[in-house]
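*Asks:* One structure coming up, written as structure tokens, with questions to follow.
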Amino acid sequence: MATRRQFIRISAVGAGAVLAGAAGFRLMAPEPVKALSGSAGEMLRRIPTYCEVCFWKCAGWVYRDDKGAIKKIVGNNEDLNCNGRFCPRGTGGIGMYYDDDRLRTPLIRTEERGQQSFREATWEEAFDYIAEKIKKISAEHGPECLALFTHGSGGKYFSTLLRALGSPHVAAPSYAQCRGPREVAFQGTFGETIESPERTDIRDTKCLVLIGSHIGENMHNGQVQEMSDAIDKGATIITVDPRYSTAAGKSKYWLPIKPATDLALLLAWINVIINEELYDKPYVEKYTFGLDYLREHVRSMTPEWAYGITTIDPTVIRETAREMANASPAVIIHPGRHVTWYGDDTQRLRAVAILNALLGSWGRRGGFYRPEIFELPEPPHPPFPEPKRSWRTEFPDLYKLADSVLANGLCDATVPDPSRHCQFQGWIVNGTNLIETLPNQENTLKAIQALQLLVVIDTMPMEITGWADVVLPECTYLERFDDIRTGPHRKPQIALRAPAAEPMYNTKPSFWMARELAKRLGVIDYFPFERIEDQLDWQLKQAGSSLDEMMKLGVKTFDRQYEDLYFAPGEDVEFYTPTGKIELYSTTFEEAGFDPLPKYTHHEEPPPGFYRLNYGRAPMHTFSRTSNNPNLTDLMDENTLWVNPRVAKEWGLSTGQYVHLVNQDGKKSEFPIKVRVTERIRWDSVYMVHGFGHDQKKLRRCYGKGASDTNLITKVLVDPLMGGTGMRGNFVTFITDLSGKEVAS
């Protein structure tokens, strides 16, 4: 019998020949079995979908009436991501469909970039314009000078297009701006990444440690449900945060840590776990490498040492370390999601990984389980051409541990620089508002102004669309088929997204756009199916299902290949690291020239009269993409600035008062923000929800509402290991006179 290690290495089964003349589906007949009664007694019929409002992609059912109007969305009971329950964003997804500010037809720029001057165009005109520019760039600079920035399902199709042309430059900003440091840290420790949804076994944990992870506000649906179940079963929650978050309100311990000192706390916890011999000795002895190195490394990093750095009482540090040990191995020090903070983020996440390893939680019930994913065959196509160069050609000695293309690296390599041999000439931006996504907006705009071509694909007129040469309006996820959702979980599952309505206005799905461009660029062989319905049906039939079956089920669950959700007692496990063990001392990091054990370094503190700018999420919004949604705007239409009462007294601030913010570099917020005076934030910090302060006037509900944290992030602390963009080294002060005169502190 093949081992799990061998099984993982087996490549996907060959796709075979394409079946010609497959039946088309388009807007298929909705499943009538589960029809519900509407408010007026009419019958509602259901269509399967998975949500596109956030990355969790919960599977659900869209209900529409006999006139074709979409009425509601609910969760699919079979889906492991949501267990039949949608979050506020998911149920509010209908607002994307009915938003009257939507993009409606292709647009071509008529004046200089940023002037918001466009003319309406036909799809043929738009595609011809793009194809001509791409051909010119490819001929003069090489196809490698084309890049794709993507966040969303449509990125798969444009990725195929770019790779077919010969460019490897496909970047998800979420890697460098969100999750990359944790993936590199856990890969360097366990030989595997965390993945998404995360492999955290929260439902069975006895102790959950949230260090800068705001479960309940970021609304990672499955995790919120599992955390609620764990609390009901008596699990201990420990929350480390300078702000009294929603999660802190559910916690046995709230540690209001001084910002930028988290690594010192983690090292002190490791010190206590080792010195008091609280670690899982059989597990550590069998599975890990480097305990003696680690013991010596943290010898002086006592709770008393950490107290002087973090302001956390040494007694509390010891108590919380013992709480973790008492729950071992059913304990999770959560790796978090948005982990790009201070520029040493990979090493901070290494400490998180090490702490989990000492407590024996990796591969154990209540810790981190082994996920499985269902592998669907890819449509057959020719091999992709081998790129002649990549972004690393221009930055050969930087970010050695990055295993994905860096969005900020592509941006930097686009800004003209005489020391480089090549710069990017064309960007395709799919479903990501780079102006509000990439830190240091000035640098982003410099890069954009240097481009020969900027194509933006979106459903809404975001800030980035105002800088585009061509805007391609995508229909919403409720109006299209997309790739089958496959993702890691306790059991392998697939989920279908089907259109519940015809595309509104003159909007189109990304599959069709990418394929039409492929025709004009001579790479149509990489899109062997004319219609996505035929491609999905072919893929599903290779997997023993069909599009017809999935229209009825929405979600299909498969048995695990192996009964190994957790390590078996005494199981011999080979980890995908150079030593074959969990590396407390990372040989991978050492070989790359980095510290094999994490070290605490002091970070800059706010100047007098300034406060660290912290930002986060709200359960009803996803980044900046939902702040105009008519359903979700009703729940939160602007952000507020959390200010400690001590600071408010010094500045004469009161709740409800509007202020402007200005950062350490003199950058002023474009719009004012409402003050919220609260004890729930430390005196050395302020806090706002990310995603507001839009300056795109075509977003009529959210234009000018609140302040943009991205607008104030001009200092970026880049992680030298993998290029993550630390964004929490920025400080702000207040302008209380809204005519522009700053009040002295």
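By convention in this document, the chains of the structure tokens carry letters A, B, ... by their order, each chain's residues are numbered from 1, and ligands are numbered from 1 in the order they are shown.
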For range 465-473 of chain A, find every residue with an atom within 9 Å (counting only C-alpha atoms), except residues of its own chain fewer than 2 positions away, and show them as a PyMOL selection string.

*Replies:* chain A and resi 102-110+112-118+123+126+129-130+433+445+448-449+452-463+475+506-509+513+696

*Asks:* Rounded to one decimal place, report the CA of Met324 in chain A-CA of Glu183 in chain A distance in Å.

*Replies:*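 A separation of 22.9 Å between them.
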
*Asks:* Rank nothing, just name the residue among A:Ala568, A:Ala498, A:Ala230, A:Ile257 nearest to Gly308 in chain A, using only C-alpha atoms.

*Replies:*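 Closest to Gly308 in chain A, using only C-alpha atoms: A:Ile257.
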